[in-house]
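What follows is the content of model.txt (compact mmCIF, C-alpha atoms and all ligand atoms).
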```
# COMPACT_ATOMS: atom_id res chain seq x y z
CA MET A 1 3.75 10.76 23.62
CA ASN A 2 5.84 7.68 22.88
CA VAL A 3 4.85 5.73 19.76
CA LEU A 4 5.69 2.25 18.45
CA VAL A 5 5.59 1.61 14.69
CA LEU A 6 5.42 -2.02 13.58
CA GLY A 7 7.17 -2.86 10.31
CA GLY A 8 10.50 -2.39 8.62
CA GLY A 9 9.97 -1.32 5.02
CA GLY A 10 9.95 1.91 3.05
CA ARG A 11 6.37 2.48 4.17
CA GLU A 12 7.37 2.39 7.83
CA HIS A 13 10.39 4.64 7.22
CA ALA A 14 8.06 7.20 5.62
CA LEU A 15 5.62 6.89 8.55
CA ALA A 16 8.45 7.22 11.08
CA TRP A 17 9.80 10.27 9.20
CA GLY A 18 6.33 11.87 9.26
CA LEU A 19 5.73 11.06 12.94
CA LYS A 20 9.15 12.40 13.87
CA LYS A 21 8.09 15.90 12.76
CA SER A 22 5.22 15.97 15.25
CA PRO A 23 5.58 18.28 18.27
CA MET A 24 3.46 15.72 20.18
CA LEU A 25 6.08 12.97 19.78
CA ASP A 26 8.51 12.06 22.55
CA THR A 27 10.31 8.79 21.78
CA LEU A 28 9.69 6.84 18.58
CA TYR A 29 10.21 3.07 18.57
CA CYS A 30 10.08 0.78 15.57
CA ALA A 31 10.01 -3.02 15.36
CA PRO A 32 11.97 -4.23 13.54
CA GLY A 33 12.83 -1.07 11.53
CA ASN A 34 15.80 -0.90 9.16
CA ALA A 35 19.06 1.01 8.83
CA GLY A 36 17.28 4.21 7.72
CA ILE A 37 14.66 4.08 10.47
CA ALA A 38 17.43 3.48 13.03
CA ALA A 39 18.66 7.03 12.35
CA ILE A 40 15.38 8.54 13.64
CA ALA A 41 13.88 5.90 15.96
CA THR A 42 14.90 3.26 18.48
CA CYS A 43 14.70 -0.03 16.60
CA VAL A 44 13.74 -3.11 18.60
CA SER A 45 13.23 -6.73 17.78
CA LEU A 46 9.64 -7.83 18.52
CA ASP A 47 7.81 -10.74 16.90
CA HIS A 48 4.58 -9.31 15.42
CA ALA A 49 2.84 -12.60 16.24
CA ASP A 50 3.78 -12.33 19.93
CA THR A 51 1.24 -9.77 21.08
CA ASP A 52 2.02 -10.43 24.76
CA ALA A 53 5.63 -9.35 24.16
CA ILE A 54 4.48 -6.22 22.31
CA ILE A 55 2.07 -5.32 25.13
CA ALA A 56 4.81 -5.89 27.74
CA PHE A 57 7.23 -3.71 25.73
CA CYS A 58 4.68 -0.91 25.48
CA ARG A 59 4.00 -1.06 29.22
CA ALA A 60 7.69 -1.06 30.07
CA ASN A 61 8.39 1.92 27.83
CA ASP A 62 5.30 4.01 28.52
CA ILE A 63 4.00 3.66 24.93
CA PRO A 64 0.25 4.33 24.65
CA PHE A 65 -0.02 4.24 20.83
CA VAL A 66 0.94 1.60 18.25
CA VAL A 67 0.90 2.20 14.48
CA VAL A 68 0.69 -1.06 12.52
CA GLY A 69 2.33 -0.86 9.06
CA PRO A 70 1.74 -4.22 7.28
CA GLU A 71 -1.48 -6.14 6.68
CA ALA A 72 -0.55 -9.63 7.90
CA PRO A 73 -0.66 -8.91 11.66
CA LEU A 74 -3.87 -6.90 11.21
CA VAL A 75 -5.61 -9.80 9.49
CA THR A 76 -4.60 -12.11 12.34
CA GLY A 77 -5.91 -9.72 15.00
CA ILE A 78 -3.02 -7.71 16.41
CA ALA A 79 -5.19 -4.59 16.77
CA ASP A 80 -7.79 -6.53 18.81
CA ALA A 81 -5.14 -7.92 21.17
CA LEU A 82 -3.43 -4.56 21.74
CA ARG A 83 -6.74 -2.73 22.21
CA GLY A 84 -7.80 -5.43 24.64
CA ALA A 85 -4.75 -4.47 26.73
CA GLY A 86 -5.79 -0.81 26.75
CA LEU A 87 -3.45 0.45 24.04
CA LYS A 88 -4.50 2.78 21.23
CA VAL A 89 -3.91 1.27 17.80
CA PHE A 90 -3.80 2.68 14.30
CA GLY A 91 -5.19 -0.21 12.24
CA PRO A 92 -8.41 -2.22 11.91
CA SER A 93 -9.68 -5.18 13.93
CA ALA A 94 -9.32 -8.65 12.41
CA ALA A 95 -13.01 -8.59 11.49
CA ALA A 96 -12.62 -5.27 9.62
CA ALA A 97 -9.28 -6.34 8.08
CA GLN A 98 -11.19 -8.97 6.12
CA LEU A 99 -11.59 -6.16 3.58
CA GLU A 100 -8.07 -7.13 2.55
CA GLY A 101 -7.87 -10.63 4.04
CA SER A 102 -10.74 -12.06 2.02
CA LYS A 103 -11.57 -11.01 -1.53
CA ARG A 104 -14.88 -12.85 -1.22
CA PHE A 105 -15.77 -10.82 1.89
CA THR A 106 -15.21 -7.55 0.03
CA LYS A 107 -17.07 -8.67 -3.10
CA ASP A 108 -20.05 -9.76 -0.98
CA LEU A 109 -20.00 -6.40 0.82
CA CYS A 110 -19.99 -4.64 -2.57
CA ARG A 111 -22.97 -6.71 -3.68
CA GLU A 112 -24.91 -6.05 -0.47
CA PHE A 113 -24.30 -2.29 -0.48
CA ALA A 114 -24.36 -1.66 -4.27
CA ILE A 115 -20.69 -0.62 -4.46
CA PRO A 116 -19.47 -0.62 -8.09
CA THR A 117 -16.99 -3.44 -8.77
CA ALA A 118 -16.35 -6.21 -11.32
CA ALA A 119 -19.04 -8.93 -11.62
CA TYR A 120 -17.89 -12.08 -9.78
CA ALA A 121 -18.62 -15.52 -8.44
CA ALA A 122 -16.82 -17.45 -5.67
CA PHE A 123 -16.06 -21.19 -5.49
CA HIS A 124 -14.84 -23.81 -3.04
CA ASP A 125 -13.95 -26.48 -5.61
CA ALA A 126 -12.17 -26.60 -8.96
CA GLU A 127 -14.94 -28.32 -10.87
CA SER A 128 -17.61 -25.68 -10.30
CA ALA A 129 -15.05 -22.89 -10.80
CA ARG A 130 -14.05 -24.36 -14.18
CA ALA A 131 -17.68 -24.84 -15.22
CA TYR A 132 -18.41 -21.17 -14.41
CA ALA A 133 -15.23 -19.95 -16.16
CA GLU A 134 -16.30 -21.78 -19.35
CA THR A 135 -19.41 -19.59 -19.56
CA GLN A 136 -17.56 -16.26 -19.14
CA ASP A 137 -15.93 -13.92 -21.68
CA LEU A 138 -12.14 -13.69 -21.82
CA PRO A 139 -9.94 -12.31 -20.40
CA LEU A 140 -11.06 -13.50 -17.01
CA VAL A 141 -9.57 -12.68 -13.62
CA ILE A 142 -8.89 -15.58 -11.22
CA LYS A 143 -8.05 -14.70 -7.59
CA ALA A 144 -7.10 -16.68 -4.52
CA ASP A 145 -9.45 -15.47 -1.76
CA GLY A 146 -6.88 -14.82 0.97
CA LEU A 147 -3.56 -12.99 1.39
CA ALA A 148 -1.07 -14.18 -1.21
CA ALA A 149 1.57 -11.45 -1.08
CA GLY A 150 0.25 -9.88 -4.29
CA LYS A 151 0.76 -13.10 -6.26
CA GLY A 152 -2.73 -14.59 -6.04
CA VAL A 153 -4.22 -12.84 -9.10
CA THR A 154 -4.12 -14.22 -12.66
CA ILE A 155 -5.45 -12.38 -15.70
CA ALA A 156 -6.32 -15.36 -17.91
CA GLU A 157 -6.29 -14.60 -21.65
CA THR A 158 -7.24 -18.16 -22.66
CA ARG A 159 -9.48 -20.92 -21.29
CA ALA A 160 -6.36 -23.00 -20.68
CA ASP A 161 -4.81 -20.21 -18.59
CA ALA A 162 -8.04 -19.86 -16.62
CA ASN A 163 -8.18 -23.59 -15.91
CA ALA A 164 -4.51 -23.69 -14.96
CA ALA A 165 -4.97 -20.79 -12.51
CA ILE A 166 -8.00 -22.49 -10.94
CA GLU A 167 -6.10 -25.79 -10.63
CA GLU A 168 -3.09 -24.05 -9.06
CA CYS A 169 -5.18 -22.33 -6.39
CA PHE A 170 -6.99 -25.49 -5.38
CA ALA A 171 -3.76 -27.51 -5.54
CA GLY A 172 -2.49 -25.37 -2.66
CA ARG A 173 -0.06 -22.99 -4.37
CA PHE A 174 -1.22 -20.21 -2.01
CA GLY A 175 -1.95 -22.49 0.93
CA GLU A 176 -5.14 -21.75 2.85
CA ALA A 177 -5.47 -18.44 0.93
CA GLY A 178 -6.40 -20.43 -2.20
CA SER A 179 -9.01 -22.70 -0.66
CA GLU A 180 -11.63 -20.36 -2.05
CA VAL A 181 -11.37 -18.79 -5.51
CA VAL A 182 -13.04 -15.63 -6.80
CA ILE A 183 -13.55 -15.30 -10.55
CA GLU A 184 -14.09 -11.79 -11.84
CA GLU A 185 -15.01 -9.96 -14.99
CA PHE A 186 -11.99 -8.15 -16.50
CA MET A 187 -12.38 -4.38 -16.18
CA ILE A 188 -10.86 -1.94 -18.66
CA GLY A 189 -9.63 1.50 -17.62
CA GLU A 190 -6.86 3.34 -15.80
CA GLU A 191 -5.88 2.22 -12.31
CA ALA A 192 -5.47 4.59 -9.37
CA SER A 193 -5.14 4.32 -5.62
CA PHE A 194 -7.25 6.36 -3.23
CA PHE A 195 -6.45 6.62 0.48
CA VAL A 196 -8.80 7.66 3.28
CA LEU A 197 -8.57 7.65 7.05
CA VAL A 198 -11.59 6.04 8.71
CA ASP A 199 -12.43 6.19 12.44
CA GLY A 200 -15.33 3.77 12.46
CA ARG A 201 -17.94 6.34 11.41
CA SER A 202 -16.27 9.25 9.64
CA SER A 203 -13.79 9.24 6.82
CA VAL A 204 -11.30 11.90 5.74
CA PRO A 205 -9.78 11.65 2.28
CA LEU A 206 -6.01 11.64 2.16
CA ALA A 207 -4.64 11.68 -1.37
CA THR A 208 -4.41 9.71 -4.60
CA ALA A 209 -1.47 7.87 -6.14
CA GLN A 210 -0.49 5.62 -9.01
CA ASP A 211 2.12 2.91 -8.80
CA HIS A 212 4.17 0.80 -11.20
CA LYS A 213 4.05 -2.92 -10.44
CA ARG A 214 6.18 -4.36 -13.27
CA VAL A 215 9.91 -4.67 -12.80
CA GLY A 216 10.97 -3.21 -16.15
CA ASP A 217 10.75 0.10 -18.02
CA GLY A 218 7.63 0.40 -20.16
CA ASP A 219 5.70 -1.65 -17.55
CA THR A 220 7.29 -4.89 -18.75
CA GLY A 221 8.56 -8.03 -17.00
CA PRO A 222 7.28 -9.76 -13.89
CA ASN A 223 5.14 -8.16 -11.21
CA THR A 224 6.80 -6.83 -8.06
CA GLY A 225 5.68 -5.27 -4.79
CA GLY A 226 5.96 -1.93 -6.64
CA MET A 227 8.88 -0.22 -8.39
CA GLY A 228 7.73 3.37 -7.94
CA ALA A 229 4.75 5.66 -7.46
CA TYR A 230 3.64 9.24 -7.67
CA SER A 231 0.98 11.39 -6.05
CA PRO A 232 -1.46 12.86 -6.92
CA ALA A 233 -2.83 10.67 -9.73
CA PRO A 234 -3.96 12.98 -12.55
CA VAL A 235 -6.84 10.65 -13.49
CA MET A 236 -8.33 11.38 -10.06
CA THR A 237 -9.89 14.77 -10.76
CA PRO A 238 -11.79 16.43 -7.90
CA GLU A 239 -15.06 15.22 -9.48
CA MET A 240 -13.74 11.65 -9.67
CA CYS A 241 -12.60 11.82 -6.03
CA ASP A 242 -16.10 12.98 -5.02
CA ARG A 243 -17.65 10.06 -6.87
CA VAL A 244 -15.28 7.57 -5.24
CA ILE A 245 -16.13 8.92 -1.79
CA ARG A 246 -19.87 8.88 -2.45
CA GLU A 247 -20.17 5.64 -4.44
CA ILE A 248 -17.42 3.49 -2.89
CA ILE A 249 -15.93 4.77 0.39
CA GLU A 250 -19.05 5.99 2.22
CA PRO A 251 -21.13 2.85 1.52
CA THR A 252 -18.18 0.71 2.63
CA VAL A 253 -17.73 2.58 5.92
CA ALA A 254 -21.50 2.51 6.56
CA GLY A 255 -21.73 -1.16 5.51
CA MET A 256 -18.92 -2.25 7.83
CA ALA A 257 -20.53 -0.37 10.74
CA LYS A 258 -23.89 -1.93 9.92
CA ARG A 259 -22.35 -5.39 9.92
CA GLY A 260 -20.99 -4.70 13.40
CA HIS A 261 -17.34 -4.40 12.28
CA PRO A 262 -16.67 -0.66 12.12
CA TYR A 263 -13.49 0.05 10.18
CA THR A 264 -10.69 2.11 11.70
CA GLY A 265 -7.35 2.90 10.12
CA VAL A 266 -6.31 3.79 6.60
CA LEU A 267 -8.44 2.36 3.84
CA TYR A 268 -6.64 2.04 0.54
CA ALA A 269 -8.96 1.56 -2.41
CA GLY A 270 -7.45 0.11 -5.58
CA LEU A 271 -9.66 1.55 -8.32
CA MET A 272 -10.29 1.07 -12.02
CA ILE A 273 -11.48 4.27 -13.63
CA THR A 274 -13.72 2.87 -16.38
CA ASP A 275 -15.86 4.51 -19.07
CA VAL A 276 -18.83 4.35 -16.73
CA GLY A 277 -17.05 5.60 -13.65
CA PRO A 278 -14.88 4.36 -10.80
CA LYS A 279 -15.04 0.70 -9.80
CA LEU A 280 -13.37 -1.01 -6.86
CA ILE A 281 -10.65 -3.56 -7.72
CA GLU A 282 -9.71 -4.32 -4.13
CA TYR A 283 -9.22 -2.86 -0.69
CA ASN A 284 -6.06 -2.85 1.38
CA VAL A 285 -6.22 -2.16 5.09
CA ARG A 286 -2.88 -0.35 5.40
CA PHE A 287 -0.83 2.23 3.55
CA GLY A 288 0.57 1.09 0.21
CA ASP A 289 4.27 0.51 -0.20
CA PRO A 290 5.61 2.49 -2.14
CA GLU A 291 2.53 4.78 -2.21
CA CYS A 292 3.07 5.80 1.43
CA GLN A 293 6.49 7.14 0.44
CA VAL A 294 4.77 9.73 -1.80
CA LEU A 295 1.78 10.49 0.43
CA ILE A 296 3.59 11.35 3.65
CA PRO A 297 6.04 13.86 2.08
CA ARG A 298 3.03 15.75 0.64
CA LEU A 299 1.24 15.92 3.99
CA LYS A 300 1.31 19.38 5.56
CA SER A 301 -0.73 18.51 8.66
CA ASP A 302 0.58 16.71 11.71
CA LEU A 303 0.69 12.97 10.96
CA LEU A 304 0.62 11.84 14.59
CA SER A 305 -2.46 13.89 15.36
CA ALA A 306 -4.25 12.50 12.26
CA LEU A 307 -3.39 8.88 13.12
CA LEU A 308 -4.42 9.39 16.76
CA ALA A 309 -7.73 10.98 15.76
CA THR A 310 -8.34 7.91 13.58
CA ALA A 311 -7.74 5.62 16.56
CA ASP A 312 -9.76 7.84 18.92
CA GLY A 313 -12.81 8.23 16.66
CA THR A 314 -12.41 12.02 16.43
CA LEU A 315 -11.63 12.38 12.74
CA ALA A 316 -14.66 14.60 12.18
CA ASP A 317 -12.69 17.39 13.92
CA GLN A 318 -9.55 16.94 11.78
CA ALA A 319 -8.71 19.02 8.72
CA ILE A 320 -5.90 17.57 6.67
CA ALA A 321 -3.80 19.90 4.53
CA TRP A 322 -1.49 18.96 1.66
CA HIS A 323 1.38 20.53 -0.16
CA ASP A 324 0.44 21.34 -3.74
CA ASP A 325 3.63 19.75 -5.09
CA VAL A 326 3.65 16.31 -6.58
CA ALA A 327 5.84 13.61 -5.08
CA LEU A 328 7.42 10.75 -6.98
CA THR A 329 9.35 7.80 -5.61
CA VAL A 330 11.71 5.48 -7.46
CA VAL A 331 12.43 2.10 -5.88
CA MET A 332 16.02 0.89 -6.02
CA ALA A 333 16.08 -2.91 -5.88
CA ALA A 334 18.87 -5.45 -5.49
CA ASP A 335 19.98 -7.31 -8.63
CA GLY A 336 17.93 -10.48 -8.95
CA TYR A 337 14.68 -8.97 -7.65
CA PRO A 338 11.83 -10.04 -7.94
CA GLY A 339 13.58 -13.44 -7.97
CA THR A 340 16.38 -14.00 -5.47
CA PRO A 341 17.95 -10.63 -4.67
CA LYS A 342 21.68 -10.32 -4.14
CA ALA A 343 22.27 -9.69 -0.41
CA ASP A 344 24.87 -7.84 1.66
CA THR A 345 26.16 -5.59 -1.12
CA VAL A 346 27.47 -2.26 0.17
CA ILE A 347 25.59 0.98 -0.64
CA ARG A 348 27.51 4.27 -0.57
CA GLY A 349 26.74 7.88 -1.41
CA LEU A 350 23.40 8.04 0.40
CA GLU A 351 24.20 11.27 2.22
CA GLN A 352 25.15 13.08 -0.99
CA ALA A 353 22.03 11.74 -2.71
CA ALA A 354 19.75 12.82 0.15
CA ALA A 355 21.26 16.32 0.07
CA GLU A 356 19.60 16.99 -3.32
CA PRO A 357 16.89 19.65 -2.89
CA GLY A 358 13.40 18.20 -2.38
CA VAL A 359 14.71 14.64 -1.98
CA GLU A 360 14.14 12.16 0.86
CA ILE A 361 15.53 8.64 0.86
CA PHE A 362 13.38 6.06 2.60
CA HIS A 363 15.06 2.75 3.34
CA ALA A 364 13.35 -0.61 2.84
CA GLY A 365 15.60 -3.70 2.97
CA THR A 366 18.76 -2.23 4.49
CA LYS A 367 20.91 -2.98 7.52
CA ARG A 368 24.37 -2.11 8.81
CA ASN A 369 27.15 -4.67 8.53
CA ASP A 370 29.84 -5.24 11.16
CA ALA A 371 31.92 -2.46 9.61
CA GLY A 372 29.01 -0.03 10.06
CA GLU A 373 28.34 0.20 6.31
CA ILE A 374 24.81 0.19 4.89
CA VAL A 375 24.15 -3.03 2.99
CA ALA A 376 21.24 -4.47 1.02
CA ALA A 377 19.07 -6.86 3.02
CA GLY A 378 16.06 -7.49 0.82
CA GLY A 379 14.58 -7.16 -2.69
CA ARG A 380 13.35 -3.59 -2.60
CA VAL A 381 16.08 -1.69 -0.81
CA LEU A 382 15.68 2.09 -1.16
CA ASN A 383 12.95 4.54 -2.12
CA VAL A 384 14.24 7.78 -3.56
CA THR A 385 11.39 10.26 -3.18
CA ALA A 386 11.42 13.74 -4.70
CA ARG A 387 8.93 16.57 -4.63
CA GLY A 388 8.49 18.95 -7.55
CA ARG A 389 6.02 21.31 -9.19
CA THR A 390 5.44 18.71 -11.90
CA VAL A 391 5.85 14.96 -12.14
CA LYS A 392 8.65 15.54 -14.65
CA GLU A 393 10.50 17.84 -12.24
CA ALA A 394 10.13 15.32 -9.41
CA GLN A 395 11.35 12.52 -11.70
CA VAL A 396 14.43 14.49 -12.75
CA ARG A 397 15.23 15.30 -9.11
CA ALA A 398 14.83 11.69 -8.05
CA HIS A 399 17.26 10.53 -10.76
CA THR A 400 19.76 13.29 -9.97
CA ALA A 401 19.83 11.81 -6.45
CA ILE A 402 19.93 8.20 -7.69
CA ASP A 403 22.97 9.02 -9.82
CA LYS A 404 24.79 9.85 -6.57
CA VAL A 405 23.99 6.49 -4.97
CA ASP A 406 27.03 4.29 -5.40
CA TRP A 407 25.56 0.79 -5.54
CA PRO A 408 26.63 -1.24 -8.57
CA GLU A 409 24.49 -4.23 -7.52
CA GLY A 410 21.25 -2.21 -7.48
CA PHE A 411 18.86 -1.18 -10.24
CA CYS A 412 15.76 0.95 -10.76
CA ARG A 413 13.24 1.87 -13.40
CA HIS A 414 13.83 5.07 -15.35
CA ASP A 415 10.26 5.82 -16.40
CA ILE A 416 8.29 6.08 -13.15
CA GLY A 417 5.46 8.55 -13.77
CA TRP A 418 5.50 8.13 -17.57
CA ARG A 419 1.75 8.26 -17.91
CA ALA A 420 1.46 11.49 -15.91
CA ILE A 421 4.45 13.00 -17.71
CA ALA A 422 2.88 12.21 -21.09
CA ARG A 423 -0.23 14.03 -19.87
CA GLU A 424 1.86 17.01 -18.72
CA GLU A 425 3.72 17.15 -22.01
CA GLY A 426 0.53 16.76 -24.01
CA GLY A 427 -1.00 19.54 -21.93
CA GLY A 428 -3.89 17.24 -20.96
P1 LIG B 501 -5.56 -7.15 -6.74
O1 LIG B 501 -4.55 -7.92 -5.96
O2 LIG B 501 -6.97 -7.63 -6.58
O3 LIG B 501 -5.39 -5.66 -6.67
O4 LIG B 501 -5.15 -7.42 -8.27
C1 LIG B 501 -3.85 -7.13 -8.75
C2 LIG B 501 -3.93 -6.44 -10.08
O5 LIG B 501 -4.66 -7.25 -11.01
C3 LIG B 501 -4.68 -5.11 -10.05
O6 LIG B 501 -3.86 -4.05 -9.68
C4 LIG B 501 -5.14 -5.00 -11.48
O7 LIG B 501 -4.08 -4.55 -12.31
C5 LIG B 501 -5.43 -6.43 -11.86
N1 LIG B 501 -6.84 -6.74 -11.65
C6 LIG B 501 -7.39 -7.31 -10.56
N2 LIG B 501 -8.72 -7.48 -10.73
C7 LIG B 501 -9.01 -7.01 -11.96
C8 LIG B 501 -10.22 -6.92 -12.74
N3 LIG B 501 -11.38 -7.40 -12.27
N4 LIG B 501 -10.14 -6.38 -13.96
C9 LIG B 501 -8.97 -5.94 -14.45
N5 LIG B 501 -7.79 -6.01 -13.80
C10 LIG B 501 -7.81 -6.54 -12.56
```
Since I need it in another form, could you write the structure as structure tokens?
Ligand code: AMP
Amino acid sequence: MNVLVLGGGGREHALAWGLKKSPMLDTLYCAPGNAGIAAIATCVSLDHADTDAIIAFCRANDIPFVVVGPEAPLVTGIADALRGAGLKVFGPSAAAAQLEGSKRFTKDLCREFAIPTAAYAAFHDAESARAYAETQDLPLVIKADGLAAGKGVTIAETRADANAAIEECFAGRFGEAGSEVVIEEFMIGEEASFFVLVDGRSSVPLATAQDHKRVGDGDTGPNTGGMGAYSPAPVMTPEMCDRVIREIIEPTVAGMAKRGHPYTGVLYAGLMITDVGPKLIEYNVRFGDPECQVLIPRLKSDLLSALLATADGTLADQAIAWHDDVALTVVMAADGYPGTPKADTVIRGLEQAAAEPGVEIFHAGTKRNDAGEIVAAGGRVLNVTARGRTVKEAQVRAHTAIDKVDWPEGFCRHDIGWRAIAREEGGG
């Protein structure tokens, strides 16, 4: 079977790498891809908003199955358009993608189906939002309702911060995404990510992960798209996973079906593990980036067959097996990130780095220059993923590989996995 992957980040490189191992795969296409993906797939230029062009490309190249990586085209209905043309799609409909596209939608679903989450209220104007915020304990969480590239959330420590965040949203800082504002209670606990495949009715748990959002060691500095991750997340014990499935995932899948918008695709639950149990922070309707780069290397089963079963509604027949090892990924970013990253700097030594045992390098923002060299073409540029028996072992392997990457204009964090390593070293 020929397959088209949409996207061009580390997540899509990991997906392409996983799909490539499948005996069911014939030709793999990726749009737009990156320099790493180009080594294992045919990269093509297709505008994700131009569904007619994507459909025509699939017809011309005998591609029956499209795997959508990022959330934005899902929220605007790419899966509906492709399915309407008879293609199979891994990814939810626009109606089901509201789980990520509208925070209000998800909070209302939680309320209706008794899914544990932070207490909240939603507002269409600044005055009533401010009046509500005045009555709430601090800190308080202020969120733009729609997609804001991870920047629409403020944890307000003071009333002034809360008011400023409310003003900013309604003043249009996030465009249409901020025309509605959700104000939430601040939850205390440890965060973890939980991934499941959902085929409309059934769900199959994938694995757990934890990521590091801040740019600097010690979880300091500004937020980023993610500077590293590891899987599994030690806080997600088997008992905790069972609770998440029972209390959060199953009521969500049933609730979406009941509302007439059955969910298909990967459902990524951002969780807070609190004193009273797991609570939902948010849903994403696609694999996390960089979490995908630690999930796929741990997957023992055939990725293509799992993604197809999700699209076909036959997940109930799928058993998904995992390697026992942990996986850890360290993001290498271009100097300047998360501000303006330095572009077109040459990266050498990737082959030597990737030759380290247990190491895979997934490209994010890379391309080839006219001389055929790999150069940086984005903020987050490489994901150095290593497997190991422990998080510490995986971390050491990842950095042994990173030391071989010759890229003076790049940087990375040196403490990815610190929480899990502290647990390992403390024996807990
Ligand atoms: P979100 O985009 O909703 O995942 O929020 C981004 C980050 O803000 C989360 O990963 C949490 O660290 C934090 N956050 C969001 N909502 C809450 C909440 N209600 N309580 C505590 N932290 C939160």
statement: Restricting to all atoms listed in the file, whichever of A:Ile374, A:Ile155, A:Ala353, A:Val391 is closest to ligand LIG 501 (chain B) is A:Ile155
query: For Ile40 in chain A, which residue among A:Phe195, A:Tyr337, A:Trp418, A:Phe362 is the nearest when counting all atoms listed in the file?
result: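 The shortest atom-to-atom distance to Ile40 in chain A comes from A:Phe362.
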task: Measuring atom to atom with all atoms listed in the file, identify which of A:Gly7, A:Pro73, A:Pro116, A:Pro234 is nearest to Ile281 in chain A.
output: A:Pro116
- request: For ligand LIG 501 (chain B), collect every residue having any atom at a distance of at most 8 Å from a ligand atom (counting only C-alpha atoms and all ligand atoms); output as a list in words.
  value: Lys103, Thr117, Ala118, Ala119, Leu140, Val141, Lys143, Gly150, Lys151, Gly152, Val153, Thr154, Ile155, Glu184, Glu185, Phe186, Met187, Ile188, Glu191, Gly270, Met272, Ile281, Glu282 and Tyr283 of chain A
At a cut-off of 8 Å, using only C-alpha atoms, what residues contact range 60-64 of chain A? Leave out same-chain residues fewer than 6 positions from it and give the result as a compact mmCIF listing (two decimals) with C-alpha atoms, keeping the file's coordinate frame.
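To be explicit, this is the file written out as part-v3.txt:
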```txt
# COMPACT_ATOMS: atom_id res chain seq x y z
CA MET A 1 3.75 10.76 23.62
CA ASN A 2 5.84 7.68 22.88
CA VAL A 3 4.85 5.73 19.76
CA LEU A 4 5.69 2.25 18.45
CA LEU A 87 -3.45 0.45 24.04
CA LYS A 88 -4.50 2.78 21.23
```
Pick from A:Asp335, A:Asp145, A:Asp26, A:Asp211 nearest to Cys292 in chain A, counting only C-alpha atoms: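 Closest to Cys292 in chain A of all the choices is A:Asp211.
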query: Hey, which of A:Thr314, A:Thr208, A:Ser301, A:Asn383 ends up closest to Val326 in chain A? Count only C-alpha atoms.
result: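 The closest residue to Val326 in chain A is A:Thr208.
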message: My list of candidates is A:Lys300, A:Ser45, A:Leu28, A:Gly146. Which is closest to Val66 in chain A when distances are computed with all atoms listed in the file?
response: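 Between A:Lys300, A:Ser45, A:Leu28, A:Gly146, the residue approaching Val66 in chain A most closely is A:Leu28.
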message: Between CA of Thr220 in chain A and CA of Asp289 in chain A, what is the distance in Å, rounded to a tenth?
response: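 That distance, rounded to one decimal, is 19.6 Å.
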Interatomic distance, CA of Ala207 in chain A to CA of Ala41 in chain A (Å, one decimal):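 Going from CA of Ala207 in chain A over to CA of Ala41 in chain A covers 26.0 Å.
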Could you give me, as a compact mmCIF listing (two decimals) with C-alpha atoms, in the frame of the given file, the residues that sit within 12 Å of (17.0, -13.0, -7.2) in the file's coordinates, counting all atoms listed in the file?
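Saved to out_30.txt:
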```txt
# COMPACT_ATOMS: atom_id res chain seq x y z
CA THR A 224 6.80 -6.83 -8.06
CA ALA A 333 16.08 -2.91 -5.88
CA ALA A 334 18.87 -5.45 -5.49
CA ASP A 335 19.98 -7.31 -8.63
CA GLY A 336 17.93 -10.48 -8.95
CA TYR A 337 14.68 -8.97 -7.65
CA PRO A 338 11.83 -10.04 -7.94
CA GLY A 339 13.58 -13.44 -7.97
CA THR A 340 16.38 -14.00 -5.47
CA PRO A 341 17.95 -10.63 -4.67
CA LYS A 342 21.68 -10.32 -4.14
CA ALA A 343 22.27 -9.69 -0.41
CA GLY A 378 16.06 -7.49 0.82
CA GLY A 379 14.58 -7.16 -2.69
CA ARG A 380 13.35 -3.59 -2.60
CA GLU A 409 24.49 -4.23 -7.52
CA GLY A 410 21.25 -2.21 -7.48
```
- request: Please identify all polymer residues within 12 Å of Ala171 in chain A, counting all atoms listed in the file, omitting same-chain residues fewer than 6 positions from it, and present them as a list in words.
  value: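 Close residues of Ala171 in chain A: His124, Asp125, Ala126, Ala144, Asn163, Ala164, Ala165, Ala177, Gly178, Ser179, Glu180 and Val181 of chain A.
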message: One decimal, in Å: what's the spacing between CA of Ala94 in chain A and CA of Thr264 in chain A?
response: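 Computed distance, CA of Ala94 in chain A to CA of Thr264 in chain A, equals 10.9 Å.
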- request: Extract, using only C-alpha atoms, all DNA, RNA and protein residues at most 7 Å from Pro251 in chain A, discarding same-chain residues fewer than 3 positions from it, and format them as a list of chain:residue names.
  value: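 What passes the distance filter is A:Phe113, A:Ile115, A:Glu247, A:Ile248, A:Ala254, A:Gly255.
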